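S.K.: Input structure: my_file-v3.cif, which contains mmCIF, C-alpha atoms.
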```
data_coords
loop_
_atom_site.group_PDB
_atom_site.id
_atom_site.type_symbol
_atom_site.label_atom_id
_atom_site.label_comp_id
_atom_site.auth_asym_id
_atom_site.auth_seq_id
_atom_site.Cartn_x
_atom_site.Cartn_y
_atom_site.Cartn_z
ATOM 1 C CA MET K 1 91.456 59.896 103.111
ATOM 2 C CA SER K 2 88.120 61.408 102.180
ATOM 3 C CA GLU K 3 87.885 63.174 98.860
ATOM 4 C CA LEU K 4 85.210 65.704 99.878
ATOM 5 C CA LEU K 5 85.338 68.640 102.263
ATOM 6 C CA SER K 6 82.452 70.450 103.941
ATOM 7 C CA VAL K 7 83.388 74.120 103.949
ATOM 8 C CA ALA K 8 81.577 76.781 105.979
ATOM 9 C CA LEU K 9 82.511 80.381 105.225
ATOM 10 C CA VAL K 10 81.580 83.154 107.669
ATOM 11 C CA CYS K 11 81.297 86.284 105.539
ATOM 12 C CA ALA K 12 80.638 89.952 106.232
ATOM 13 C CA GLY K 13 77.025 90.955 105.630
ATOM 14 C CA THR K 14 78.221 93.700 103.279
ATOM 15 C CA LEU K 15 79.883 91.123 100.977
ATOM 16 C CA LEU K 16 77.832 89.713 98.091
ATOM 17 C CA ALA K 17 77.345 85.935 98.238
ATOM 18 C CA GLN K 18 79.128 85.405 94.907
ATOM 19 C CA ASP K 19 82.163 87.281 96.303
ATOM 20 C CA CYS K 20 82.303 85.205 99.497
ATOM 21 C CA SER K 21 85.242 82.796 99.202
ATOM 22 C CA ARG K 22 87.980 81.283 101.355
ATOM 23 C CA ASP K 23 90.050 84.406 100.628
ATOM 24 C CA THR K 24 87.375 86.942 101.579
ATOM 25 C CA ALA K 25 85.696 85.109 104.501
ATOM 26 C CA LEU K 26 86.059 86.314 108.086
ATOM 27 C CA ASP K 27 86.415 82.690 109.189
ATOM 28 C CA VAL K 28 86.605 79.296 107.455
ATOM 29 C CA ILE K 29 85.481 75.997 109.014
ATOM 30 C CA ILE K 30 86.413 72.764 107.218
ATOM 31 C CA ALA K 31 85.478 69.147 107.928
ATOM 32 C CA PRO K 32 86.216 65.991 105.888
ATOM 33 C CA ALA K 33 83.339 64.074 104.323
ATOM 34 C CA HIS K 34 83.255 60.708 102.543
ATOM 35 C CA THR K 35 80.025 61.123 100.573
ATOM 36 C CA PRO K 36 77.949 64.034 99.256
ATOM 37 C CA MET K 37 75.235 63.223 101.818
ATOM 38 C CA GLU K 38 77.772 63.296 104.650
ATOM 39 C CA CYS K 39 79.087 66.605 103.292
ATOM 40 C CA LEU K 40 75.631 68.173 103.484
ATOM 41 C CA MET K 41 75.058 66.764 106.975
ATOM 42 C CA HIS K 42 78.389 68.186 108.191
ATOM 43 C CA ALA K 43 77.455 71.528 106.652
ATOM 44 C CA GLN K 44 74.196 71.644 108.624
ATOM 45 C CA VAL K 45 76.027 70.798 111.864
ATOM 46 C CA MET K 46 78.692 73.445 111.207
ATOM 47 C CA ALA K 47 75.994 76.021 110.499
ATOM 48 C CA ALA K 48 74.278 75.220 113.790
ATOM 49 C CA GLN K 49 77.541 75.257 115.751
ATOM 50 C CA ALA K 50 78.645 78.583 114.240
ATOM 51 C CA GLY K 51 75.977 80.271 116.378
ATOM 52 C CA LEU K 52 75.917 83.459 114.363
ATOM 53 C CA PRO K 53 73.976 86.253 116.074
ATOM 54 C CA GLY K 54 70.888 87.623 114.363
ATOM 55 C CA GLY K 55 71.225 90.640 112.128
ATOM 56 C CA GLY K 56 72.918 91.324 108.843
ATOM 57 C CA ASP K 57 76.514 91.866 109.944
ATOM 58 C CA ARG K 58 77.593 88.267 109.086
ATOM 59 C CA TYR K 59 76.213 85.268 107.223
ATOM 60 C CA LEU K 60 77.231 81.667 106.626
ATOM 61 C CA LYS K 61 77.910 80.211 103.180
ATOM 62 C CA ILE K 62 78.190 76.408 102.883
ATOM 63 C CA ALA K 63 79.932 74.461 100.122
ATOM 64 C CA CYS K 64 81.034 70.900 99.409
ATOM 65 C CA GLU K 65 84.401 70.796 97.662
ATOM 66 C CA HIS K 66 86.645 68.109 96.241
ATOM 67 C CA ARG K 67 89.870 67.807 98.197
ATOM 68 C CA ARG K 68 92.789 69.261 96.254
ATOM 69 C CA THR K 69 95.757 66.971 95.767
ATOM 70 C CA GLU K 70 99.204 67.886 94.578
ATOM 71 C CA ILE K 71 99.839 66.034 91.331
ATOM 72 C CA GLY K 72 103.367 64.944 90.679
ATOM 73 C CA THR K 73 104.639 65.258 94.253
ATOM 74 C CA ASP K 74 105.777 61.619 94.359
ATOM 75 C CA ALA K 75 107.321 61.860 90.904
ATOM 76 C CA ALA K 76 109.238 65.001 91.891
ATOM 77 C CA ASN K 77 110.573 63.298 95.011
ATOM 78 C CA HIS K 78 111.784 60.300 92.979
ATOM 79 C CA LYS K 79 113.584 62.543 90.455
ATOM 80 C CA ALA K 80 115.355 64.413 93.261
ATOM 81 C CA SER K 81 116.760 61.181 94.682
#
```
Write out the structure in this file as structure tokens.
M.R.:
Amino acid sequence: MSELLSVALVCAGTLLAQDCSRDTALDVIIAPAHTPMECLMHAQVMAAQAGLPGGGDRYLKIACEHRRTEIGTDAANHKAS
């Protein structure tokens, strides 16, 4: 499993970039990546494929994130047994 994710957020043009997040985005596109370089390459492809129309009603924000893992899930399952 890759530990990085390429995340593309489609945000309303009226939303400030620092306020654009997974919770506030109009749409979220996610792809796994194995290296930081691959993450950036995926981000460029996602940006091109998003095909956002010109104008200021929407914009794309790209980020590379570490995959979140649930710590203690295996330990909790063993205790329940």
S.K.: Need to verify the contact set: K:Ala43, 8 Å, all atoms listed in the file, exclusion of same-chain residues closer than 6 positions in sequence. Can you return it as a VMD selection string?
M.R.: chain K and resid 6 to 8 62 to 63
S.K.: Go ahead and write the residues just picked, C-alpha atoms, as a tab-separated table (two decimals), keeping the file's coordinate frame.
M.R.:
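And here is the file that came out, again-v2.tsv:
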```tsv
chain	number	residue	atom	x	y	z
K	6	SER	CA	82.45	70.45	103.94
K	7	VAL	CA	83.39	74.12	103.95
K	8	ALA	CA	81.58	76.78	105.98
K	62	ILE	CA	78.19	76.41	102.88
K	63	ALA	CA	79.93	74.46	100.12
```
S.K.: Please return as a ChimeraX atom specification every residue within 10 Å of (81.5, 82.6, 98.9), taking into account only C-alpha atoms and the file's own coordinates.
M.R.: /K:8-11,15-25,60-63
S.K.: Please indicate the distance in Å from atom CA of K:Leu5 to atom CA of K:Arg58, rounded to one decimal place.
M.R.: 22.2 Å
S.K.: By how many Å are atom CA of K:Val45 and atom CA of K:Asp57 apart?
M.R.: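 It comes out at 21.2 Å.
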S.K.: For atom CA of K:His66 and atom CA of K:Ala12, determine how far apart the two atoms are, in Å to one decimal place.
M.R.: 24.8 Å
S.K.: Please enumerate the residues selected by the PyMOL selection byres ((chain K and resi 2) around 9) when evaluated against the supplied file, formatted as a ChimeraX atom specification.
M.R.: /K:1,3-5,32-35,67
S.K.: My list of candidates is K:Cys64, K:Gly13, K:Thr69, K:Asp27. Which is closest to K:Leu40 when distances are computed with all atoms listed in the file?
M.R.: K:Cys64
S.K.: Quick one: 5 Å padding each side, axis-aligned, all listed atoms of stretch 9-26 of chain K - centre and edge lengths in Å to one decimal, as lines of an AutoDock Vina configuration file?
M.R.:
```
center_x = 83.5
center_y = 87.0
center_z = 101.5
size_x = 23.0
size_y = 23.3
size_z = 23.2
```
